[in-house]
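Below is one structure, written out as structure tokens; comments come after it.
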Amino acid sequence: MAAPSRDRPLLRRPHVRTTLAAGLLAASIVPLGAAPAAADHDAPCLESEVPGSEPLADTHAKDNPAFERMHVEQAQELATGRGVKVAVIDSGMVGIEGLDVAGGLAIEGVNPDTRLSGHGTIVAGLIAGPRGVAPDAQVFDVKVHDTDDADTTQGERGLSSAGIAAGIDAVIRQQPQQQFDVVNISLAVRDPDPELEAAVARLVDLGVVVVAAAGNVPVGTADPGFAGTPDNDADVFPADYPGVLAVSATPPGDESPSAYVVPNLDTDVAAPTWGAVSANATGQVCVVDQVATSWASAEVSGVMALLKERFPRETPQQLVARLQATTEGAGALEGAGGTAANPWTGAGVVQVHDALTREIRPGRQGKVETTVQEVRADAQAPPAPERIDLFGTPRAILLWSGLVAGSLLALAFMLRPLLRR
């Protein structure tokens with residue numbers, strides 16, 4: 001069994017916000033029994049917010065810069081994830097307002113009744129919460145661990161590759177009844193595990209889209225850019241296994257992602273996370289103020305739910321091909337093995353509206369045969385097509401026939417006196 005990755009929960013904040021977020025959080029705590037604070041604050045999404053935590057006011061944020069960059073709102077005019085079901089393998093979720101939970105289970109050895117981490121709830125909210133990517137999709141809760149700092153003496157279970165594998169097998173057993181379309185695994189371990197690899201292969205064979213986090217920079221790294229060359233390739237599982245859609249995260253602006261996420265040549269796409277809106281396990285509406293692949297993979301699972309609704313007959317390979325062919329960045333992966341042109345962003349940053357609207361004809365195995373760039377509203381209109389007269393030729397024949405006939409009649413009239421002699 002592989003050891004759990006200590007960088008899985010690392011959700012590093014851009015430097016300009018680290019101190020500010022902590023100060024705002026402290027200022028927003030109210031005495032027990034008092035009404036939630038009404039003052040404006042960020043209400044950050046925190047794994048440490050669990051049932052029983054002190055109540056905090058919802059975020060007042062109206063904008064969602066992460067979704068704006070991906071054009072999620074425009075995409076939701078075409079699809080909202082209705083009829084699509086997403087299994088969420090994580091720390092367990094809390095039913096929040098507006099989240100359609102189809103059911104849930106816990107693997108053996110994990111208490112199904114406790115929620116010691118808000119990670120799974122934040123993930124579910126990003127996928128299908130009322131302000132998530134696919135608000136009409138259903139989620140199914142698969143709890144595989146309690147918390148990263150699990151106290152094993154108290155029966156708590158931490159993250160492990162064996163736990164993820166057990167969660168995958170639970171999803172496979174539930175598939176005949178639940179009919180999952182997407183499986184989200186916003187988790188990662190750093191050591192390969194044959195048991196986990198085999199479980200992932202069985203899951204991929206079901207014909208579902210499997211989405212996983214591509215890996216964050218480890219906590220406590222003195223120089224976050226130490227692995228900042230394209231030749232570096234971090235081992236992150238299950239994201240690195242065949243058939244898995246590996247998702248990285250990208251910071252706002254022009255900041256380098258190397259400070260937050262590891263370079264991974266198996267990365268397929270990236271998504272911005274800063275400013276996305278979800279919910280803490282207390283029910284509080286919160287804002288993501290972190291750059292992390294856990295949140296990015298949740299967003300992309302929501303995107304795949306939109307694509308599945310829009311193109312219900314297509315295979316997972318076809319849906320992923322649409323996603324990669326329409327990114328803001330390098331485009332589809334290169335080579336037979338799908339090598340990433342950029343180990344931090346893969347094919348590029350996801351563009352949801354383009355993925356739903358571009359004219360693309362991917363083959364059953366995901367090879368894109370045709371792609372036509374979407375016509376922008378501000379683009380110059382093409383010239384009007386030349387009007388074709390379907391009766392042009394018959395009309396010409398009739399005209400010349402009439403002229404000839406008229407000429408013959410005139411000639412006959414003129415020759416008539418001569419013929420009488």
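How things are named: the first chain in the structure tokens is A, the next is B, and so on; residues count from 1 in each chain; ligands count from 1 in the order shown.
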Fewer than 2 positions away in the same chain doesn't count, so skip those; otherwise give me all residues within 8 Å of segment 234-246 of chain A, counting only C-alpha atoms, as a list in words.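 Result of the neighbour search: Ala188, Val189, Arg190, Asp191, Pro192, Leu196, Glu197, Val200, Ala201, Val204, Val209, Val210, Val211, Ala212, Ala213, Ala214, Gly215, Asn232, Ser248, Val262, Pro263, Asn264, Leu265, Asp266, Thr267, Asp268, Val269, Ser297 and Val320 of chain A.
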Would you export the selected residues with C-alpha atoms as a short mmCIF file (atom, residue, chain, number, x, y, z; two decimals), in the first residue's frame, please?
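To be explicit, this is the file written out as again24.cif:
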data_model
loop_
_atom_site.label_atom_id
_atom_site.label_comp_id
_atom_site.auth_asym_id
_atom_site.auth_seq_id
_atom_site.Cartn_x
_atom_site.Cartn_y
_atom_site.Cartn_z
CA ALA A 188 -3.68 12.09 -4.77
CA VAL A 189 -0.96 9.84 -3.44
CA ARG A 190 2.66 10.09 -4.53
CA ASP A 191 3.64 6.41 -4.67
CA PRO A 192 2.40 3.94 -7.31
CA LEU A 196 -4.99 1.22 -7.12
CA GLU A 197 -3.87 0.96 -10.74
CA VAL A 200 -8.65 2.49 -11.94
CA ALA A 201 -8.41 0.22 -14.99
CA VAL A 204 -12.20 3.15 -16.90
CA VAL A 209 -15.22 9.77 -17.32
CA VAL A 210 -12.64 9.54 -14.50
CA VAL A 211 -11.26 12.89 -13.30
CA ALA A 212 -8.40 13.28 -10.80
CA ALA A 213 -6.12 15.94 -9.33
CA ALA A 214 -2.71 16.31 -11.02
CA GLY A 215 -0.85 17.30 -7.83
CA ASN A 232 10.40 17.41 -14.40
CA SER A 248 -4.02 20.88 -12.84
CA VAL A 262 3.77 20.21 -9.66
CA PRO A 263 4.89 19.71 -13.26
CA ASN A 264 3.21 16.53 -14.42
CA LEU A 265 3.61 15.26 -17.98
CA ASP A 266 0.34 13.35 -17.58
CA THR A 267 -1.60 16.58 -17.05
CA ASP A 268 -4.46 16.81 -19.54
CA VAL A 269 -5.97 20.24 -18.86
CA SER A 297 -10.54 18.67 -10.87
CA VAL A 320 -12.36 14.58 -23.38
#
Residues near segment 345-350 of chain A, anyone? I mean within 8 Å using only C-alpha atoms, not counting same-chain ones fewer than 5 positions away, as a VMD selection string. chain A and resid 70 247 to 250 265 to 272 300 323 to 333 340
For each of A:Gly302, A:Gly129, A:Gly103, A:Pro51, take the minimum atom-to-atom distance to Gln177 of chain A, counting only C-alpha atoms, then give the residue where this is smallest.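 Among the listed residues, the smallest separation from Gln177 of chain A belongs to A:Gly103.
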Which is closer to Leu319 of chain A than all the others in A:Val261, A:Ala43, A:Ala298, A:Val208, using only C-alpha atoms? A:Val208
Just list the residues in segment 100-161 of chain A DSSP gives alpha helix (DSSP H) on the backbone, as a short mmCIF file (atom, residue, chain, number, x, y, z; two decimals) with C-alpha atoms, in the first residue's frame.
data_model
loop_
_atom_site.label_atom_id
_atom_site.label_comp_id
_atom_site.auth_asym_id
_atom_site.auth_seq_id
_atom_site.Cartn_x
_atom_site.Cartn_y
_atom_site.Cartn_z
CA HIS A 119 -12.95 18.80 1.63
CA GLY A 120 -15.62 16.56 0.11
CA THR A 121 -18.36 19.13 0.62
CA ILE A 122 -16.35 21.89 -1.08
CA VAL A 123 -15.62 19.55 -3.99
CA ALA A 124 -19.29 18.59 -4.36
CA GLY A 125 -20.32 22.25 -4.26
CA LEU A 126 -17.93 23.15 -7.05
CA ILE A 127 -19.28 20.32 -9.19
CA ALA A 128 -23.02 20.65 -8.67
CA SER A 161 -4.10 4.49 -1.93
#
Asp181 of chain A: which residues within 10 Å, counting only C-alpha atoms, same-chain residues fewer than 5 positions away excluded, as a list in words? Gly83, Val84, Lys85, Val86, Ala87, Gln175, Leu206, Gly207, Val208, Val209, Val210, Ser301, Met304, Ala305, Lys308, Glu309, Pro312 and Pro316 of chain A
Among the residues A:Gly363, A:Gly402, A:Gly52, A:Gly92, the one that comes closest to Thr147 of chain A [using only C-alpha atoms]: A:Gly92
Residues of segment 164-273 of chain A in strand (DSSP E), written as a PyMOL selection string: chain A and resi 182-185+209-213+244-250+269-272
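Taking atom CA of Asp254 of chain A and atom CA of Val287 of chain A as the two end points, the separation is 21.0 Å.
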Residue contacts of Ile172 of chain A (10 Å, only C-alpha atoms) excluding same-chain residues fewer than 3 positions away, as an MDAnalysis selection string: chainID A and resid 166:169 175:176 178:180 199 202:206
Kindly export the residues of the current selection with N, CA, C and O atoms, as a PDB file, in the first residue's frame.
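Dumped everything to out10.pdb:
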ATOM      1  N   ALA A 166     -10.491   1.151  -2.671  1.00  0.00           N
ATOM      2  CA  ALA A 166     -11.737   0.602  -2.124  1.00  0.00           C
ATOM      3  C   ALA A 166     -12.933   1.454  -2.543  1.00  0.00           C
ATOM      4  O   ALA A 166     -14.017   0.928  -2.828  1.00  0.00           O
ATOM      5  N   GLY A 167     -12.754   2.775  -2.578  1.00  0.00           N
ATOM      6  CA  GLY A 167     -13.826   3.649  -3.029  1.00  0.00           C
ATOM      7  C   GLY A 167     -14.175   3.420  -4.492  1.00  0.00           C
ATOM      8  O   GLY A 167     -15.345   3.433  -4.874  1.00  0.00           O
ATOM      9  N   ILE A 168     -13.149   3.202  -5.314  1.00  0.00           N
ATOM     10  CA  ILE A 168     -13.380   2.920  -6.727  1.00  0.00           C
ATOM     11  C   ILE A 168     -14.157   1.626  -6.896  1.00  0.00           C
ATOM     12  O   ILE A 168     -15.116   1.547  -7.682  1.00  0.00           O
ATOM     13  N   ASP A 169     -13.773   0.593  -6.141  1.00  0.00           N
ATOM     14  CA  ASP A 169     -14.499  -0.685  -6.227  1.00  0.00           C
ATOM     15  C   ASP A 169     -15.948  -0.535  -5.757  1.00  0.00           C
ATOM     16  O   ASP A 169     -16.852  -1.189  -6.294  1.00  0.00           O
ATOM     17  N   GLN A 175     -22.504   0.794  -9.863  1.00  0.00           N
ATOM     18  CA  GLN A 175     -22.768   1.250 -11.222  1.00  0.00           C
ATOM     19  C   GLN A 175     -24.052   0.682 -11.833  1.00  0.00           C
ATOM     20  O   GLN A 175     -24.806   1.429 -12.485  1.00  0.00           O
ATOM     21  N   PRO A 176     -24.380  -0.613 -11.670  1.00  0.00           N
ATOM     22  CA  PRO A 176     -25.621  -1.109 -12.290  1.00  0.00           C
ATOM     23  C   PRO A 176     -26.869  -0.383 -11.812  1.00  0.00           C
ATOM     24  O   PRO A 176     -27.808  -0.197 -12.594  1.00  0.00           O
ATOM     25  N   GLN A 178     -26.804   2.840 -10.072  1.00  0.00           N
ATOM     26  CA  GLN A 178     -26.665   4.291 -10.091  1.00  0.00           C
ATOM     27  C   GLN A 178     -26.399   4.875 -11.478  1.00  0.00           C
ATOM     28  O   GLN A 178     -26.769   6.017 -11.750  1.00  0.00           O
ATOM     29  N   GLN A 179     -25.736   4.111 -12.336  1.00  0.00           N
ATOM     30  CA  GLN A 179     -25.421   4.583 -13.687  1.00  0.00           C
ATOM     31  C   GLN A 179     -24.658   5.915 -13.659  1.00  0.00           C
ATOM     32  O   GLN A 179     -25.107   6.944 -14.177  1.00  0.00           O
ATOM     33  N   PHE A 180     -23.485   5.894 -13.050  1.00  0.00           N
ATOM     34  CA  PHE A 180     -22.642   7.081 -12.991  1.00  0.00           C
ATOM     35  C   PHE A 180     -22.121   7.441 -14.384  1.00  0.00           C
ATOM     36  O   PHE A 180     -21.833   6.568 -15.201  1.00  0.00           O
ATOM     37  N   ALA A 199      -7.642  -1.059  -9.918  1.00  0.00           N
ATOM     38  CA  ALA A 199      -8.993  -0.543  -9.651  1.00  0.00           C
ATOM     39  C   ALA A 199      -9.355   0.542 -10.659  1.00  0.00           C
ATOM     40  O   ALA A 199     -10.481   0.598 -11.170  1.00  0.00           O
ATOM     41  N   ARG A 202     -10.275  -0.996 -13.990  1.00  0.00           N
ATOM     42  CA  ARG A 202     -11.639  -1.548 -13.975  1.00  0.00           C
ATOM     43  C   ARG A 202     -12.676  -0.438 -14.105  1.00  0.00           C
ATOM     44  O   ARG A 202     -13.703  -0.596 -14.779  1.00  0.00           O
ATOM     45  N   LEU A 203     -12.411   0.689 -13.462  1.00  0.00           N
ATOM     46  CA  LEU A 203     -13.343   1.814 -13.519  1.00  0.00           C
ATOM     47  C   LEU A 203     -13.404   2.407 -14.923  1.00  0.00           C
ATOM     48  O   LEU A 203     -14.492   2.695 -15.446  1.00  0.00           O
ATOM     49  N   VAL A 204     -12.246   2.599 -15.547  1.00  0.00           N
ATOM     50  CA  VAL A 204     -12.202   3.147 -16.899  1.00  0.00           C
ATOM     51  C   VAL A 204     -12.950   2.244 -17.877  1.00  0.00           C
ATOM     52  O   VAL A 204     -13.630   2.717 -18.796  1.00  0.00           O
ATOM     53  N   ASP A 205     -12.861   0.938 -17.659  1.00  0.00           N
ATOM     54  CA  ASP A 205     -13.529  -0.020 -18.545  1.00  0.00           C
ATOM     55  C   ASP A 205     -15.048   0.083 -18.480  1.00  0.00           C
ATOM     56  O   ASP A 205     -15.744  -0.421 -19.368  1.00  0.00           O
ATOM     57  N   LEU A 206     -15.572   0.737 -17.443  1.00  0.00           N
ATOM     58  CA  LEU A 206     -17.019   0.903 -17.335  1.00  0.00           C
ATOM     59  C   LEU A 206     -17.557   1.924 -18.330  1.00  0.00           C
ATOM     60  O   LEU A 206     -18.766   2.016 -18.543  1.00  0.00           O
TER      61      LEU A 206
END
Enter the distance from atom CA of Thr273 of chain A to atom CA of Val288 of chain A, in Å, rounded to one decimal. 6.7 Å
